[in-house]
Amino acid sequence: DTGVSQDPRHKITKRGQNVTFRCDPISEHNRLYWYRQTLGQGPEFLTYFQNEAQLEKSRLLSDRFSAERPKGSFSTLEIQRTEQGDSAMYLCASSSPERASTNEKLFFGSGTQLSVL
Amino acid sequence: SQQGEEDPQALSIQEGENATMNCSYKTSINNLQWYRQNSGRGLVHLILIRSNEREKHSGRLRVTLDTSKKSSSLLITASRAADTASYFCATATTSGSRLTFGEGTQLTVNP
């Protein structure tokens, strides 16, 4: 257990429905990341937060996707009007880099497996 | 798009043998990290090597980095069945704040 928790672990939904995932990072970590991973591939970056500020978003994050981290603690990732292509593992990670300009190691949650029927 | 490419895509060895996985990347980096992922689980950080380092050890793990060739290797010595997992390299650029992952090597260690 890395200390990063994600909920739910699995989500099955019908195409067109909205879904929301939650991530609780390690409490003292100020950075929070969302990644998406499909079978047989490496994680792909979606977005990240420094405290409550969303500092970077990938082009993968279409306007159907929105992420928030309202108080700089937990984060939510919402997908509106889900499509079958959204089926993937959604991974959350947190970190607390020693220096703002560098990356240190990420602590990942176990992920939310989304299946869109 | 993925920054790193792992080689081989899949590796099957016997317990006790050494496993070597390679990673190539395209842009200048600040550091390179290796992660392990068991099936259906999140990733676990194994080791980080900075761009000014050439080799690093952690237990049965040995990582090398050749910035002139933009490549890294992960060696697992005396492998165990419990080492069966996917292994990913990830790079951090000098100016970016994200980690970019490769596609991974699936390692199977047969008892």
# chains A, B, ... in the order shown; residues from 1 in each chain; ligands from 1
>>> interface_residues(of="chain B", to="chain A", cutoff="12 Å", atoms="only C-alpha atoms", output="PyMOL selection string")
chain B and resi 1-6+9-10+29-51+85-106
>>> write_last_selection(atoms="C-alpha atoms", output="PDB file, in the first residue's frame")
ATOM      1  CA  SER B   1       3.056   9.962 -27.250  1.00  0.00           C
ATOM      2  CA  GLN B   2       5.472   7.796 -25.315  1.00  0.00           C
ATOM      3  CA  GLN B   3       8.965   9.135 -24.718  1.00  0.00           C
ATOM      4  CA  GLY B   4      10.584   5.842 -23.798  1.00  0.00           C
ATOM      5  CA  GLU B   5      10.690   2.566 -25.604  1.00  0.00           C
ATOM      6  CA  GLU B   6      11.453  -0.599 -23.697  1.00  0.00           C
ATOM      7  CA  GLN B   9       8.476  -6.157 -24.937  1.00  0.00           C
ATOM      8  CA  ALA B  10       8.359  -9.501 -23.163  1.00  0.00           C
ATOM      9  CA  ILE B  29      16.243  14.391 -19.355  1.00  0.00           C
ATOM     10  CA  ASN B  30      16.697  15.461 -15.758  1.00  0.00           C
ATOM     11  CA  ASN B  31      16.292  11.949 -14.408  1.00  0.00           C
ATOM     12  CA  LEU B  32      15.092   8.505 -15.422  1.00  0.00           C
ATOM     13  CA  GLN B  33      13.048   6.226 -13.197  1.00  0.00           C
ATOM     14  CA  TRP B  34      12.017   2.593 -13.267  1.00  0.00           C
ATOM     15  CA  TYR B  35       8.655   1.377 -12.012  1.00  0.00           C
ATOM     16  CA  ARG B  36       7.130  -2.042 -11.539  1.00  0.00           C
ATOM     17  CA  GLN B  37       3.463  -2.948 -12.004  1.00  0.00           C
ATOM     18  CA  ASN B  38       1.779  -6.147 -10.985  1.00  0.00           C
ATOM     19  CA  SER B  39      -1.231  -7.122 -13.046  1.00  0.00           C
ATOM     20  CA  GLY B  40      -4.237  -4.900 -12.347  1.00  0.00           C
ATOM     21  CA  ARG B  41      -2.393  -2.793  -9.788  1.00  0.00           C
ATOM     22  CA  GLY B  42      -0.758   0.601  -9.625  1.00  0.00           C
ATOM     23  CA  LEU B  43       2.900   1.266 -10.308  1.00  0.00           C
ATOM     24  CA  VAL B  44       5.575   1.043  -7.653  1.00  0.00           C
ATOM     25  CA  HIS B  45       8.733   3.121  -7.846  1.00  0.00           C
ATOM     26  CA  LEU B  46      11.931   1.057  -7.958  1.00  0.00           C
ATOM     27  CA  ILE B  47      14.860   3.359  -8.580  1.00  0.00           C
ATOM     28  CA  LEU B  48      15.754   6.838  -9.857  1.00  0.00           C
ATOM     29  CA  ILE B  49      18.946   7.784 -11.664  1.00  0.00           C
ATOM     30  CA  ARG B  50      19.840  11.388 -12.386  1.00  0.00           C
ATOM     31  CA  SER B  51      21.277  12.607 -15.661  1.00  0.00           C
ATOM     32  CA  ALA B  85       5.495  -8.043 -13.407  1.00  0.00           C
ATOM     33  CA  SER B  86       5.612  -5.287 -16.014  1.00  0.00           C
ATOM     34  CA  TYR B  87       8.533  -2.896 -15.767  1.00  0.00           C
ATOM     35  CA  PHE B  88       8.375   0.665 -17.076  1.00  0.00           C
ATOM     36  CA  CYS B  89      10.962   3.347 -17.528  1.00  0.00           C
ATOM     37  CA  ALA B  90       9.872   6.948 -17.113  1.00  0.00           C
ATOM     38  CA  THR B  91      11.699  10.142 -17.921  1.00  0.00           C
ATOM     39  CA  ALA B  92      11.543  13.613 -16.455  1.00  0.00           C
ATOM     40  CA  THR B  93      12.661  16.414 -18.738  1.00  0.00           C
ATOM     41  CA  THR B  94      14.844  19.248 -17.641  1.00  0.00           C
ATOM     42  CA  SER B  95      12.047  21.753 -17.797  1.00  0.00           C
ATOM     43  CA  GLY B  96       8.826  19.747 -17.628  1.00  0.00           C
ATOM     44  CA  SER B  97       6.966  18.563 -14.613  1.00  0.00           C
ATOM     45  CA  ARG B  98       5.485  15.326 -15.848  1.00  0.00           C
ATOM     46  CA  LEU B  99       6.892  11.811 -16.044  1.00  0.00           C
ATOM     47  CA  THR B 100       6.618  10.232 -19.485  1.00  0.00           C
ATOM     48  CA  PHE B 101       6.418   6.442 -19.457  1.00  0.00           C
ATOM     49  CA  GLY B 102       7.507   3.859 -21.961  1.00  0.00           C
ATOM     50  CA  GLU B 103       5.385   0.929 -23.055  1.00  0.00           C
ATOM     51  CA  GLY B 104       6.955  -1.507 -20.643  1.00  0.00           C
ATOM     52  CA  THR B 105       8.585  -4.917 -20.553  1.00  0.00           C
ATOM     53  CA  GLN B 106       6.526  -7.862 -19.333  1.00  0.00           C
TER      54      GLN B 106
END
>>> residues_around(residues="Leu61 of chain B", least_positions_apart="3", cutoff="8 Å", atoms="only C-alpha atoms", output="list in words")
His57, Ser58, Leu74, Leu75, Ile76 and Thr77 of chain B
>>> write_last_selection(atoms="N, CA and C atoms", output="JSON list (two decimals), in the first residue's frame")
[["chain", "number", "residue", "atom", "x", "y", "z"],
["B", 57, "HIS", "N", 22.69, 1.30, -7.78],
["B", 57, "HIS", "CA", 22.32, -0.02, -7.29],
["B", 57, "HIS", "C", 21.29, 0.11, -6.18],
["B", 58, "SER", "N", 20.39, -0.85, -6.12],
["B", 58, "SER", "CA", 19.45, -0.94, -5.00],
["B", 58, "SER", "C", 19.08, -2.39, -4.83],
["B", 74, "LEU", "N", 17.94, -1.79, -16.97],
["B", 74, "LEU", "CA", 17.61, -2.27, -15.62],
["B", 74, "LEU", "C", 17.98, -3.74, -15.57],
["B", 75, "LEU", "N", 18.85, -4.09, -14.63],
["B", 75, "LEU", "CA", 19.25, -5.47, -14.41],
["B", 75, "LEU", "C", 18.69, -5.95, -13.09],
["B", 76, "ILE", "N", 17.98, -7.05, -13.12],
["B", 76, "ILE", "CA", 17.51, -7.71, -11.90],
["B", 76, "ILE", "C", 18.32, -8.99, -11.76],
["B", 77, "THR", "N", 19.08, -9.10, -10.70],
["B", 77, "THR", "CA", 19.91, -10.29, -10.50],
["B", 77, "THR", "C", 19.17, -11.33, -9.68]]
>>> atom_distance(atom1="atom CA of Ser5 of chain A", atom2="atom CA of Arg59 of chain A")
25.7 Å
>>> atom_distance(atom1="atom CA of Ser62 of chain A", atom2="atom CA of Lys11 of chain A")
20.0 Å
>>> atom_distance(atom1="atom CA of Asn51 of chain A", atom2="atom CA of Cys23 of chain A")
13.7 Å
>>> select_by_dssp(residues="segment 51-93 of chain B", states="strand (DSSP E)", output="PyMOL selection string")
chain B and resi 55-58+61-66+71-76+85-93
>>> closest_residue(among="A:Leu117, A:Ala88, A:Leu32, A:Ala53", to="Ser75 of chain A", atoms="only C-alpha atoms")
A:Leu32
>>> closest_residue(among="A:Arg81, A:Arg15, A:Arg69, A:His29", to="Ser96 of chain A", atoms="only C-alpha atoms")
A:His29
>>> residues_around(residues="Thr13 of chain A", least_positions_apart="4", cutoff="7 Å", atoms="only C-alpha atoms", output="PyMOL selection string")
chain A and resi 17+115-117
